[in-house]
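Enquirer: Pasting input_13.cif below, which is mmCIF, C-alpha atoms (C1' of nucleotides).
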```cif
data_work
loop_
_atom_site.label_atom_id
_atom_site.label_comp_id
_atom_site.auth_asym_id
_atom_site.auth_seq_id
_atom_site.Cartn_x
_atom_site.Cartn_y
_atom_site.Cartn_z
CA MET A 1 32.51 -14.06 -19.46
CA SER A 2 32.32 -12.71 -22.97
CA PHE A 3 31.00 -10.05 -25.25
CA THR A 4 29.28 -11.01 -28.47
CA ILE A 5 27.95 -8.55 -30.99
CA THR A 6 24.72 -9.98 -32.34
CA LYS A 7 23.93 -7.32 -34.90
CA LYS A 8 25.66 -4.30 -36.38
CA ASP A 9 23.68 -1.39 -37.75
CA LYS A 10 24.32 -0.75 -41.43
CA LYS A 11 23.91 3.04 -41.43
CA THR A 12 25.63 3.92 -38.15
CA ASN A 13 28.24 2.29 -35.92
CA ALA A 14 25.54 1.20 -33.48
CA ARG A 15 25.37 -2.44 -32.51
CA ILE A 16 23.56 -4.75 -30.15
CA GLY A 17 25.19 -7.52 -28.23
CA VAL A 18 25.24 -9.88 -25.31
CA PHE A 19 27.63 -9.25 -22.45
CA LYS A 20 28.08 -12.24 -20.15
CA THR A 21 29.52 -11.79 -16.67
CA SER A 22 29.83 -14.10 -13.67
CA HIS A 23 26.39 -12.90 -12.60
CA GLY A 24 24.40 -13.22 -15.77
CA THR A 25 23.80 -11.73 -19.15
CA ILE A 26 23.42 -8.09 -20.06
CA LYS A 27 21.87 -6.92 -23.29
CA THR A 28 23.87 -4.10 -24.85
CA PRO A 29 23.83 -1.20 -25.25
CA PHE A 30 22.81 -0.52 -21.66
CA PHE A 31 22.78 2.14 -18.98
CA MET A 32 23.84 1.49 -15.41
CA PRO A 33 22.88 3.70 -12.49
CA VAL A 34 25.44 4.69 -9.88
CA VAL A 35 25.24 2.87 -6.56
CA THR A 36 28.30 4.37 -4.91
CA LYS A 37 28.00 3.13 -1.36
CA GLY A 38 25.72 0.14 -1.68
CA ILE A 39 22.51 1.97 -2.50
CA ALA A 40 21.52 4.46 -5.14
CA LYS A 41 20.58 7.88 -3.85
CA PHE A 42 16.87 7.74 -2.99
CA ILE A 43 16.40 4.38 -4.73
CA THR A 44 16.60 0.96 -3.13
CA LEU A 45 18.04 -2.09 -4.88
CA ASP A 46 14.51 -3.52 -4.91
CA THR A 47 13.34 -0.62 -7.02
CA LEU A 48 16.32 -0.93 -9.34
CA ASP A 49 15.21 -4.52 -9.95
CA GLU A 50 11.64 -3.41 -10.49
CA ILE A 51 12.61 -0.88 -13.18
CA LYS A 52 14.71 -3.53 -14.96
CA THR A 53 18.20 -2.38 -14.09
CA GLN A 54 20.58 -4.96 -15.57
CA CYS A 55 23.69 -3.78 -13.82
CA PHE A 56 25.01 -0.92 -11.71
CA ILE A 57 28.36 0.63 -10.83
CA SER A 58 29.84 1.15 -7.39
CA ASN A 59 33.00 2.88 -6.26
CA CYS A 60 36.06 0.95 -5.13
CA TYR A 61 37.59 3.80 -3.17
CA LEU A 62 34.43 4.60 -1.22
CA LEU A 63 33.82 0.92 -0.45
CA TYR A 64 37.44 0.66 0.66
CA LEU A 65 36.79 3.43 3.20
CA LYS A 66 33.42 2.04 4.30
CA PRO A 67 32.48 -0.70 4.95
CA GLY A 68 36.14 -1.54 4.29
CA LYS A 69 38.15 -4.48 3.12
CA GLU A 70 37.80 -6.65 6.22
CA LEU A 71 34.03 -6.58 6.29
CA LEU A 72 33.80 -7.33 2.58
CA GLU A 73 36.16 -10.27 3.08
CA LYS A 74 33.90 -11.54 5.90
CA THR A 75 30.82 -11.38 3.69
CA LYS A 76 32.74 -13.03 0.85
CA GLY A 77 32.14 -10.05 -1.38
CA TYR A 78 29.92 -7.13 -2.06
CA HIS A 79 27.18 -9.07 -3.87
CA ASN A 80 26.45 -11.00 -0.68
CA PHE A 81 26.70 -7.98 1.56
CA ILE A 82 24.06 -6.03 -0.31
CA ASN A 83 22.20 -9.09 -1.67
CA TRP A 84 22.32 -8.22 -5.37
CA LYS A 85 22.26 -11.14 -7.76
CA LYS A 86 23.04 -9.36 -11.01
CA SER A 87 26.22 -7.81 -12.39
CA ILE A 88 28.22 -5.03 -10.77
CA PHE A 89 30.90 -2.73 -12.14
CA THR A 90 33.28 -0.93 -9.80
CA ASP A 91 35.00 2.28 -10.63
CA SER A 92 38.54 2.50 -9.39
CA GLY A 93 38.33 5.84 -7.62
CA GLY A 94 40.13 7.58 -10.45
CA PHE A 95 37.23 9.96 -10.79
CA GLN A 96 37.77 11.18 -7.23
CA LEU A 97 41.06 12.60 -8.47
CA LYS A 98 39.25 15.74 -9.44
CA ASN A 99 37.53 16.08 -6.09
CA PRO A 100 39.43 18.29 -3.63
CA SER A 101 37.70 16.73 -0.64
CA PHE A 102 39.46 13.42 -1.43
CA PHE A 103 42.61 14.23 -3.31
CA ILE A 104 45.94 14.98 -1.66
CA SER A 105 48.69 14.34 -4.22
CA MET A 106 49.88 11.92 -6.85
CA ASN A 107 53.02 10.71 -8.55
CA ASP A 108 53.95 7.86 -10.90
CA LYS A 109 53.59 5.32 -8.08
CA GLY A 110 49.98 6.17 -7.29
CA VAL A 111 47.65 8.57 -5.54
CA TRP A 112 47.37 9.80 -1.97
CA PHE A 113 43.76 10.22 -0.99
CA LYS A 114 42.27 11.39 2.26
CA SER A 115 39.19 10.01 3.91
CA PRO A 116 36.41 12.54 4.35
CA PHE A 117 35.22 10.49 7.34
CA ASP A 118 38.23 10.97 9.57
CA GLY A 119 40.89 12.75 7.51
CA SER A 120 43.09 9.65 7.41
CA LYS A 121 45.48 9.33 4.47
CA HIS A 122 45.43 6.38 2.08
CA PHE A 123 47.74 5.45 -0.74
CA MET A 124 46.12 3.96 -3.83
CA SER A 125 48.23 2.37 -6.52
CA PRO A 126 47.09 0.68 -9.72
CA GLU A 127 47.85 -2.66 -8.01
CA LYS A 128 46.07 -1.83 -4.76
CA VAL A 129 42.96 -0.79 -6.64
CA ILE A 130 42.90 -4.16 -8.41
CA GLU A 131 43.37 -5.94 -5.11
CA MET A 132 40.49 -4.06 -3.49
CA GLN A 133 38.16 -4.66 -6.41
CA ASN A 134 39.05 -8.32 -6.12
CA VAL A 135 37.88 -8.28 -2.50
CA ILE A 136 34.70 -6.48 -3.54
CA GLY A 137 34.18 -9.18 -6.13
CA SER A 138 32.69 -6.92 -8.76
CA ASP A 139 32.07 -8.49 -12.14
CA ILE A 140 33.92 -5.70 -13.92
CA ALA A 141 36.85 -3.83 -12.40
CA MET A 142 38.16 -0.57 -13.77
CA ILE A 143 41.83 0.36 -13.83
CA LEU A 144 43.10 3.34 -11.87
CA ASP A 145 43.50 6.13 -14.40
CA ASP A 146 44.82 9.66 -14.22
CA MET A 147 41.84 11.81 -15.01
CA GLN A 148 42.48 15.51 -15.27
CA ASP A 149 39.86 18.20 -14.91
CA ALA A 150 38.95 20.28 -17.95
CA ASN A 151 40.79 23.45 -18.87
CA LEU A 152 44.24 22.40 -17.75
CA SER A 153 47.40 22.86 -19.80
CA ARG A 154 48.26 20.43 -22.57
CA GLU A 155 51.31 19.38 -20.57
CA ALA A 156 49.04 18.21 -17.76
CA TYR A 157 47.13 16.00 -20.21
CA GLU A 158 50.35 14.62 -21.68
CA ILE A 159 51.51 13.52 -18.24
CA ALA A 160 48.07 12.12 -17.40
CA THR A 161 47.87 10.20 -20.67
CA ASP A 162 51.29 8.60 -20.24
CA ARG A 163 50.53 7.80 -16.63
CA THR A 164 47.21 6.20 -17.54
CA ILE A 165 48.98 3.99 -20.08
CA ALA A 166 51.69 3.00 -17.60
CA TRP A 167 49.14 2.26 -14.90
CA ALA A 168 47.05 0.22 -17.33
CA LYS A 169 50.04 -2.07 -17.93
CA ARG A 170 50.58 -2.46 -14.19
CA ALA A 171 46.89 -3.19 -13.66
CA ILE A 172 46.98 -5.98 -16.24
CA LEU A 173 49.94 -7.58 -14.44
CA ALA A 174 48.23 -7.29 -11.06
CA HIS A 175 44.89 -8.69 -12.17
CA LYS A 176 44.58 -12.39 -11.33
CA ASN A 177 40.87 -12.94 -10.61
CA LYS A 178 39.51 -15.18 -13.34
CA LYS A 179 35.89 -14.47 -12.42
CA GLN A 180 36.35 -10.74 -12.84
CA MET A 181 36.79 -8.77 -16.02
CA LEU A 182 39.08 -5.77 -16.25
CA PHE A 183 38.47 -2.70 -18.38
CA GLY A 184 41.08 -0.24 -19.59
CA ILE A 185 40.38 3.48 -19.82
CA VAL A 186 41.36 5.92 -22.54
CA GLN A 187 42.32 9.42 -21.42
CA GLY A 188 43.82 12.34 -23.35
CA GLY A 189 41.47 15.25 -22.76
CA ILE A 190 40.17 16.74 -25.99
CA TYR A 191 43.50 16.38 -27.85
CA LYS A 192 43.35 14.25 -30.97
CA ASP A 193 46.92 12.94 -30.79
CA LEU A 194 46.73 12.17 -27.06
CA ARG A 195 43.40 10.35 -27.42
CA GLU A 196 44.73 8.36 -30.37
CA LYS A 197 47.99 7.50 -28.66
CA CYS A 198 46.20 6.43 -25.49
CA ALA A 199 43.56 4.44 -27.37
CA LYS A 200 46.21 2.56 -29.38
CA GLU A 201 48.22 1.70 -26.29
CA ILE A 202 45.21 0.64 -24.22
CA ASN A 203 43.91 -1.38 -27.15
CA LYS A 204 47.14 -3.41 -27.29
CA LEU A 205 46.59 -4.70 -23.78
CA PRO A 206 44.44 -7.78 -23.06
CA PHE A 207 41.53 -5.95 -21.48
CA ASP A 208 38.04 -7.46 -21.43
CA GLY A 209 36.49 -4.12 -22.27
CA LEU A 210 37.53 -0.61 -23.21
CA ALA A 211 36.36 2.57 -21.59
CA ILE A 212 36.56 6.19 -22.61
CA GLY A 213 36.99 8.50 -19.64
CA GLY A 214 37.72 12.09 -18.78
CA LEU A 215 34.81 13.64 -20.65
CA ALA A 216 31.83 15.87 -19.82
CA LEU A 217 33.97 17.82 -17.42
CA GLY A 218 33.29 21.27 -18.78
CA GLU A 219 34.77 21.00 -22.28
CA PRO A 220 32.59 22.14 -25.20
CA LYS A 221 30.13 19.51 -26.49
CA GLU A 222 31.68 19.47 -29.91
CA SER A 223 35.15 18.79 -28.49
CA MET A 224 33.69 16.05 -26.34
CA HIS A 225 32.09 14.27 -29.30
CA LYS A 226 35.31 14.53 -31.27
CA ALA A 227 37.29 13.11 -28.36
CA ILE A 228 34.92 10.12 -28.32
CA ASP A 229 35.50 9.63 -32.05
CA TYR A 230 39.30 9.89 -31.75
CA SER A 231 39.22 7.29 -29.00
CA LEU A 232 36.82 4.83 -30.63
CA LYS A 233 38.66 4.89 -33.95
CA HIS A 234 41.61 2.99 -32.50
CA LEU A 235 39.75 0.57 -30.25
CA ASP A 236 39.03 -3.04 -31.19
CA GLU A 237 35.57 -3.07 -32.72
CA GLU A 238 34.75 -6.48 -31.26
CA LYS A 239 35.36 -5.44 -27.67
CA ILE A 240 32.70 -3.85 -25.46
CA LYS A 241 32.98 -0.04 -25.24
CA TYR A 242 32.09 1.88 -22.12
CA LEU A 243 31.69 5.66 -22.16
CA MET A 244 32.23 6.72 -18.59
CA GLY A 245 30.03 9.24 -16.85
CA LEU A 246 27.82 10.39 -19.71
CA GLY A 247 24.12 10.24 -18.94
CA SER A 248 22.16 12.90 -20.76
CA PRO A 249 19.65 11.34 -23.15
CA GLU A 250 21.11 13.16 -26.18
CA ASP A 251 24.69 12.17 -25.36
CA ILE A 252 23.63 8.55 -24.97
CA ILE A 253 21.68 8.39 -28.22
CA VAL A 254 24.48 10.08 -30.16
CA SER A 255 27.11 7.81 -28.61
CA ILE A 256 25.19 4.61 -29.34
CA GLY A 257 25.40 5.65 -32.98
CA LYS A 258 29.16 5.91 -32.59
CA GLY A 259 29.38 2.34 -31.29
CA VAL A 260 29.27 2.73 -27.51
CA ASP A 261 27.76 -0.22 -25.62
CA CYS A 262 27.73 0.84 -22.02
CA PHE A 263 26.95 3.99 -20.04
CA ASP A 264 26.85 5.09 -16.43
CA SER A 265 26.03 8.43 -14.91
CA ILE A 266 24.74 10.24 -11.89
CA TYR A 267 23.00 12.62 -14.28
CA PRO A 268 19.47 11.13 -14.13
CA THR A 269 19.43 10.95 -10.34
CA LYS A 270 21.11 14.27 -9.73
CA MET A 271 18.73 15.97 -12.14
CA ALA A 272 15.79 14.28 -10.43
CA ARG A 273 16.87 15.57 -7.03
CA HIS A 274 16.87 19.06 -8.48
CA GLY A 275 13.40 18.67 -9.96
CA PHE A 276 14.38 17.93 -13.57
CA ILE A 277 12.67 15.03 -15.30
CA PHE A 278 13.31 13.44 -18.67
CA THR A 279 10.67 13.00 -21.35
CA ARG A 280 10.98 12.09 -25.01
CA LYS A 281 9.97 15.64 -25.82
CA GLY A 282 12.72 17.13 -23.69
CA PRO A 283 13.40 17.68 -20.03
CA ILE A 284 10.77 19.20 -17.74
CA LEU A 285 11.63 21.56 -14.91
CA LEU A 286 8.87 20.38 -12.63
CA LYS A 287 8.89 23.28 -10.19
CA LYS A 288 7.47 25.64 -12.79
CA ALA A 289 4.00 26.90 -12.00
CA LYS A 290 2.66 25.67 -15.35
CA TYR A 291 2.64 22.09 -14.00
CA LYS A 292 0.52 22.83 -10.95
CA ASP A 293 -2.69 21.62 -12.57
CA VAL A 294 -1.50 19.18 -15.20
CA PHE A 295 -3.33 16.01 -14.22
CA GLU A 296 -1.33 13.69 -16.45
CA PRO A 297 1.64 11.43 -15.81
CA ILE A 298 5.14 12.63 -16.73
CA GLU A 299 4.86 10.40 -19.81
CA LYS A 300 1.68 8.58 -20.72
CA ASP A 301 3.49 5.56 -22.15
CA CYS A 302 6.08 5.26 -19.39
CA ASP A 303 5.82 2.07 -17.35
CA CYS A 304 7.70 3.32 -14.28
CA PRO A 305 5.95 3.16 -10.88
CA THR A 306 5.85 6.96 -10.72
CA CYS A 307 4.12 7.41 -14.08
CA LYS A 308 1.73 4.52 -13.48
CA ARG A 309 0.41 6.13 -10.32
CA HIS A 310 1.02 9.89 -10.20
CA THR A 311 0.33 13.09 -12.10
CA LEU A 312 2.60 16.04 -12.82
CA ALA A 313 0.35 18.18 -10.61
CA TYR A 314 0.89 15.86 -7.65
CA LEU A 315 4.66 15.67 -8.19
CA HIS A 316 4.79 19.46 -8.63
CA HIS A 317 2.91 19.84 -5.36
CA LEU A 318 5.40 17.60 -3.52
CA LEU A 319 8.36 19.36 -5.08
CA ARG A 320 7.09 22.80 -4.06
CA LEU A 321 6.74 21.52 -0.51
CA ASP A 322 10.23 20.07 -0.75
CA GLU A 323 8.96 16.71 0.42
CA PRO A 324 11.95 14.32 0.36
CA GLY A 325 9.84 11.54 -1.13
CA VAL A 326 9.48 13.36 -4.42
CA LYS A 327 13.19 12.81 -5.01
CA ILE A 328 12.49 9.07 -4.89
CA LEU A 329 9.65 9.32 -7.38
CA LEU A 330 11.56 11.51 -9.85
CA SER A 331 14.78 9.50 -9.59
CA ILE A 332 12.84 6.33 -10.41
CA HIS A 333 11.35 7.90 -13.49
CA ASN A 334 14.64 9.28 -14.80
CA ILE A 335 16.45 5.95 -14.43
CA ARG A 336 13.59 4.04 -15.98
CA PHE A 337 13.51 6.63 -18.78
CA LEU A 338 17.12 5.82 -19.68
CA HIS A 339 16.51 2.08 -19.43
CA ARG A 340 13.55 2.42 -21.78
CA LEU A 341 15.57 4.60 -24.13
CA LEU A 342 18.23 1.90 -24.31
CA GLU A 343 15.61 -0.87 -24.66
CA ASP A 344 14.09 1.00 -27.58
CA SER A 345 17.52 1.60 -29.11
CA ARG A 346 18.23 -2.13 -28.97
CA LYS A 347 14.91 -2.87 -30.68
CA GLU A 348 15.58 -0.28 -33.38
CA ILE A 349 19.09 -1.61 -34.04
CA GLU A 350 17.60 -5.10 -34.28
CA LYS A 351 15.06 -3.85 -36.83
CA GLY A 352 17.71 -1.88 -38.73
CA THR A 353 15.92 1.42 -38.12
CA PHE A 354 18.21 2.94 -35.52
CA GLU A 355 19.34 5.87 -37.65
CA SER A 356 15.82 7.22 -38.18
CA PHE A 357 14.98 6.55 -34.52
CA GLN A 358 18.06 8.53 -33.51
CA LYS A 359 17.18 11.45 -35.80
CA LYS A 360 13.60 11.51 -34.59
CA PHE A 361 14.67 11.40 -30.96
CA LEU A 362 17.18 14.23 -31.30
CA LYS A 363 14.63 16.33 -33.15
CA GLU A 364 11.94 15.82 -30.53
CA TYR A 365 14.20 16.02 -27.51
CA LYS A 366 14.36 19.78 -27.27
CA LYS A 367 13.83 21.84 -24.23
CA ARG A 368 10.14 22.43 -23.85
CA ASP A 369 10.19 24.79 -20.87
"C1'" G B 370 -12.77 52.16 26.69
"C1'" U B 371 -7.59 52.85 29.05
"C1'" C B 372 -2.54 51.60 29.03
"C1'" A B 373 1.65 49.04 26.99
"C1'" U B 374 4.19 47.02 22.91
"C1'" A B 375 4.78 46.50 17.91
"C1'" A B 376 4.32 47.61 12.44
"C1'" U B 377 10.58 46.75 7.14
"C1'" A B 378 9.76 42.33 -0.07
"C1'" G B 379 4.18 37.31 -0.45
"C1'" U B 380 6.07 35.22 4.50
"C1'" G B 381 9.74 35.40 8.66
"C1'" U B 382 13.36 38.80 10.14
"C1'" A B 383 18.31 42.37 10.61
"C1'" G B 384 19.13 47.27 10.68
"C1'" U B 385 19.20 53.41 16.92
"C1'" G B 386 20.23 59.58 12.36
"C1'" G B 387 24.23 59.33 6.70
"C1'" U B 388 23.79 51.61 4.33
"C1'" U B 389 23.32 50.52 -3.18
"C1'" A B 390 17.99 48.91 3.54
"C1'" G B 391 21.08 43.07 4.90
"C1'" C B 392 19.51 37.82 5.52
"C1'" A B 393 16.26 33.50 5.03
"C1'" U B 394 12.23 31.62 2.49
"C1'" A B 395 8.59 31.95 -1.36
"C1'" G B 396 8.34 33.56 -6.79
"C1'" G B 397 10.99 34.04 -12.13
"C1'" A B 398 15.40 32.46 -15.29
"C1'" G B 399 19.65 29.37 -16.04
"C1'" U B 400 22.74 25.24 -14.76
"C1'" C B 401 24.07 20.05 -13.07
"C1'" U B 402 27.13 13.97 -16.79
"C1'" G B 403 32.86 7.34 -13.81
"C1'" U B 404 27.69 11.01 -6.58
"C1'" G B 405 30.94 14.30 -0.30
"C1'" G B 406 25.19 14.38 -1.58
"C1'" A B 407 19.39 17.49 -1.24
"C1'" G B 408 23.76 21.72 -5.04
"C1'" C B 409 25.30 26.25 -7.66
"C1'" U B 410 24.49 31.01 -10.38
"C1'" U B 411 21.18 34.88 -11.23
"C1'" C B 412 16.83 38.13 -11.28
"C1'" U B 413 12.29 40.29 -9.22
"C1'" G B 414 10.23 42.24 -4.91
"C1'" G B 415 10.09 46.08 1.03
"C1'" C B 416 10.64 50.63 5.41
"C1'" C B 417 1.75 51.12 7.70
"C1'" C B 418 -0.45 56.32 6.69
"C1'" G B 419 -0.06 61.76 7.55
"C1'" G B 420 2.64 65.68 9.57
"C1'" G B 421 7.04 67.59 12.23
"C1'" U B 422 12.49 68.04 13.86
"C1'" U B 423 17.15 67.83 10.96
"C1'" C B 424 21.82 69.44 5.93
"C1'" A B 425 20.10 64.25 6.32
"C1'" A B 426 14.61 59.93 9.12
"C1'" A B 427 13.24 52.86 8.35
"C1'" U B 428 15.68 55.10 12.65
"C1'" C B 429 13.83 60.92 16.74
"C1'" C B 430 8.84 63.62 17.92
"C1'" C B 431 3.26 64.18 17.29
"C1'" G B 432 -1.27 62.30 15.35
"C1'" G B 433 -3.90 58.35 12.82
"C1'" U B 434 -4.61 53.21 11.42
"C1'" U B 435 -3.94 48.12 12.37
"C1'" A B 436 -2.27 43.99 15.38
"C1'" U B 437 -1.08 41.69 20.02
"C1'" G B 438 -1.17 41.74 25.33
"C1'" A B 439 -2.76 43.58 30.11
"C1'" C B 440 -6.43 46.15 32.82
"C1'" C B 441 -11.50 48.16 33.29
#
```
Once more with this new file: its structure as structure tokens, please.

Expert:
Amino acid sequence: MSFTITKKDKKTNARIGVFKTSHGTIKTPFFMPVVTKGIAKFITLDTLDEIKTQCFISNCYLLYLKPGKELLEKTKGYHNFINWKKSIFTDSGGFQLKNPSFFISMNDKGVWFKSPFDGSKHFMSPEKVIEMQNVIGSDIAMILDDMQDANLSREAYEIATDRTIAWAKRAILAHKNKKQMLFGIVQGGIYKDLREKCAKEINKLPFDGLAIGGLALGEPKESMHKAIDYSLKHLDEEKIKYLMGLGSPEDIIVSIGKGVDCFDSIYPTKMARHGFIFTRKGPILLKKAKYKDVFEPIEKDCDCPTCKRHTLAYLHHLLRLDEPGVKILLSIHNIRFLHRLLEDSRKEIEKGTFESFQKKFLKEYKKRD
RNA sequence: GUCAUAAUAGUGUAGUGGUUAGCAUAGGAGUCUGUGGAGCUUCUGGCCCGGGUUCAAAUCCCGGUUAUGACC
């Protein structure tokens, strides 16, 4: 279990590296799809393998509810249960804090959640979240953090920042599993001093990786990018950096240049379900009538199963009929698109040409509809 | 041919005298970022035709047209 930077870009803060977990080696920077409950939405694990997914992220809280701790103990972990040989991250459930269908209340001890399945109440503490992730057996566990929604008062972010720091310390003490890595999370909203304070404190602790959370929640883009900078500035350069939740192609390319190594997001799959597909020349809204007779793949050079076999006209036809299968085909493309984008970024960093690649990408990736 | 019933956005429908004529879907525009989901916002678009009653008609009356059904 280690992270080794193999090359640093001279013109930007981008870097490539090798991230070793108990289940293999991941080339960084990388994108991981979200596999909340043991399967990605509309994509099987088989397909994730086929489109060269190195790693995915699941959700500790949702796995705690179903299938539950006992079953995962019986199967000796989540890897066995779902039969996935490669690496797995688990999110703590901190993100569900902003979701009213889960959240009940919280204090310094932890969070009361409710189950949407039966309304039952569950208490989650920083320690309990570590314990559950241990049962899951994920390669990377995330600490429970206090993530506040955008547009709250500064006081709310001050409390959340202090609580995240306090919980991070408790998580470190609770974490005993030597086969599992633990990542800390930086919070602080869009406030420079809070981000810096949180980053410094989290950076002091012996985490295996460092995450930046609480972004892309409705704050302006510019504030978001600044918040990333404030956070990264005080984090150990040699440790792996994980920007939580961001998945738009522009955000990823910009953030790689800042020195981020790891991304996860529901963005590609959610967009796909709503008929939005990524291309290097910008996103396509496939339902538009202009695609009804375009007999070309989404992207000619894309190697995903969807592009190798189908045309825009065909996919448009399925989307207009609201055939469920089209959500599979589009989700596959969008995930593969991000994997390819990251593969290309790694190649460009290796060659020392990342900066011009980044500029060219951002110039070409404009809305074309 | 006779009788009955019906006719409201492209489609399917609600509306029994005073409504900005409602809803769904289709169509246009926008949006979605550590998954309670396949969503959300928004725009466009309609009373079969002609006459009558009434202060006022999608609504009541007469005629026409068309559709469906039954009968001959």

Enquirer: Could you tell me, as a PyMOL selection string, exactly which residues end up selected when the PyMOL selection byres ((chain A) within 9 of (chain B)) is applied to this structure?

Expert: chain A and resi 34-36+41+57+59+91-95+99+101-102+116+213-217+243-248+264-268+270-271+273-274+324+327

Enquirer: Output the residue selection produced by the PyMOL selection byres ((chain B and resi 370-380) around 10) on the file above, formatted as number ranges by chain.

Expert: B: 381-384, 390, 394-396, 413-417, 427, 435-441

Enquirer: Do you have the atom CA of A:His225-atom C1' of B:U400 distance handy?

Expert: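 Going from atom CA of A:His225 over to atom C1' of B:U400 covers 20.5 Å.
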
Enquirer: Counting all atoms listed in the file, which residues of stretch 77-185 of chain A sit at most 9 Å from some atom of stretch 193-209 of chain A, and what is each one's closest atom pair with its distance in Å to one decimal, listed by chain and rising residue number, as a tab-separated table?

Expert:
```
residue	atom	partner	partner_atom	distance
A:Ile140	CA	A:Asp208	CA	8.7
A:Tyr157	CA	A:Leu194	CA	7.9
A:Glu158	CA	A:Leu194	CA	6.9
A:Thr161	CA	A:Cys198	CA	6.3
A:Asp162	CA	A:Cys198	CA	7.6
A:Thr164	CA	A:Cys198	CA	8.0
A:Ile165	CA	A:Ile202	CA	6.5
A:Ala168	CA	A:Ile202	CA	7.1
A:Lys169	CA	A:Leu205	CA	7.3
A:Ile172	CA	A:Pro206	CA	7.5
A:Met181	CA	A:Asp208	CA	5.7
A:Leu182	CA	A:Asp208	CA	5.5
A:Phe183	CA	A:Gly209	CA	4.6
A:Gly184	CA	A:Phe207	CA	6.0
A:Ile185	CA	A:Ile202	CA	7.1
```

Enquirer: Using the chain letters and numbers from this file, what does the PyMOL selection byres ((chain A and resi 291-299) around 7) select? Give the answer as a compact mmCIF listing (two decimals) with C-alpha atoms, in the coordinates of the input.

Expert:
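Done, and the output landed in result-v5.txt:
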```txt
# COMPACT_ATOMS: atom_id res chain seq x y z
CA THR A 279 10.67 13.00 -21.35
CA LEU A 286 8.87 20.38 -12.63
CA LYS A 288 7.47 25.64 -12.79
CA ALA A 289 4.00 26.90 -12.00
CA LYS A 290 2.66 25.67 -15.35
CA LYS A 300 1.68 8.58 -20.72
CA ASP A 301 3.49 5.56 -22.15
CA CYS A 302 6.08 5.26 -19.39
CA CYS A 307 4.12 7.41 -14.08
CA HIS A 310 1.02 9.89 -10.20
CA THR A 311 0.33 13.09 -12.10
CA LEU A 312 2.60 16.04 -12.82
CA ALA A 313 0.35 18.18 -10.61
CA HIS A 316 4.79 19.46 -8.63
CA HIS A 317 2.91 19.84 -5.36
```

Enquirer: Report, in Å with one decimal, the straight-line distance from atom CA of A:Leu210 to atom CA of A:Val186.

Expert: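 These two atoms are separated by 7.6 Å.
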
Enquirer: Find the residues near B:C431: any atom within 12 Å, counting all atoms listed in the file, skip ones fewer than 4 places away on the same chain, and give them as a ChimeraX atom specification.

Expert: /B:419-422

Enquirer: Closest to A:Lys128 among A:Tyr78, A:Leu318, A:Asn151, A:Cys60, using only C-alpha atoms?

Expert: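 Nearest candidate to A:Lys128 out of A:Tyr78, A:Leu318, A:Asn151, A:Cys60: A:Cys60.
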
Enquirer: Which residues are close to A:Arg340, i.e. within 9 Å by all atoms listed in the file, leaving aside same-chain residues fewer than 4 positions away? Reply as an MDAnalysis selection string.

Expert: chainID A and resid 302:303 335:336 344:345

Enquirer: Quick check, in Å to one decimal: how far apart do atom CA of A:Ala14 and atom CA of A:Lys351 lie?

Expert: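 Computed distance, atom CA of A:Ala14 to atom CA of A:Lys351, equals 12.1 Å.
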
Enquirer: Please enclose the listed atoms of stretch 395-403 of chain B in an axis-aligned box, pad each side by 3 Å, and write out the centre and the three edge lengths in Å, rounded to one decimal, as AutoDock Vina command-line options.

Expert:
```
--center_x 20.6 --center_y 20.7 --center_z -9.1 --size_x 30.5 --size_y 32.7 --size_z 21.4
```

Enquirer: Do you know which residues are at most 12 Å from A:Phe56 counting all atoms listed in the file, after dropping those on the same chain fewer than 5 positions away, and could you put them as a compact mmCIF listing (two decimals) with C-alpha atoms (C1' of nucleotides), in the coordinates of the input?

Expert:
```
# COMPACT_ATOMS: atom_id res chain seq x y z
CA ILE A 26 23.42 -8.09 -20.06
CA PHE A 30 22.81 -0.52 -21.66
CA PHE A 31 22.78 2.14 -18.98
CA MET A 32 23.84 1.49 -15.41
CA PRO A 33 22.88 3.70 -12.49
CA VAL A 34 25.44 4.69 -9.88
CA VAL A 35 25.24 2.87 -6.56
CA THR A 36 28.30 4.37 -4.91
CA LYS A 37 28.00 3.13 -1.36
CA GLY A 38 25.72 0.14 -1.68
CA ILE A 39 22.51 1.97 -2.50
CA ALA A 40 21.52 4.46 -5.14
CA LEU A 45 18.04 -2.09 -4.88
CA LEU A 48 16.32 -0.93 -9.34
CA ASP A 49 15.21 -4.52 -9.95
CA HIS A 79 27.18 -9.07 -3.87
CA TRP A 84 22.32 -8.22 -5.37
CA LYS A 85 22.26 -11.14 -7.76
CA LYS A 86 23.04 -9.36 -11.01
CA SER A 87 26.22 -7.81 -12.39
CA ILE A 88 28.22 -5.03 -10.77
CA PHE A 89 30.90 -2.73 -12.14
CA THR A 90 33.28 -0.93 -9.80
CA ASP A 91 35.00 2.28 -10.63
CA SER A 138 32.69 -6.92 -8.76
CA ASP A 139 32.07 -8.49 -12.14
CA ILE A 140 33.92 -5.70 -13.92
CA CYS A 262 27.73 0.84 -22.02
CA PHE A 263 26.95 3.99 -20.04
CA ASP A 264 26.85 5.09 -16.43
CA SER A 265 26.03 8.43 -14.91
CA ILE A 266 24.74 10.24 -11.89
CA ILE A 335 16.45 5.95 -14.43
CA HIS A 339 16.51 2.08 -19.43
C1' G B 403 32.86 7.34 -13.81
```
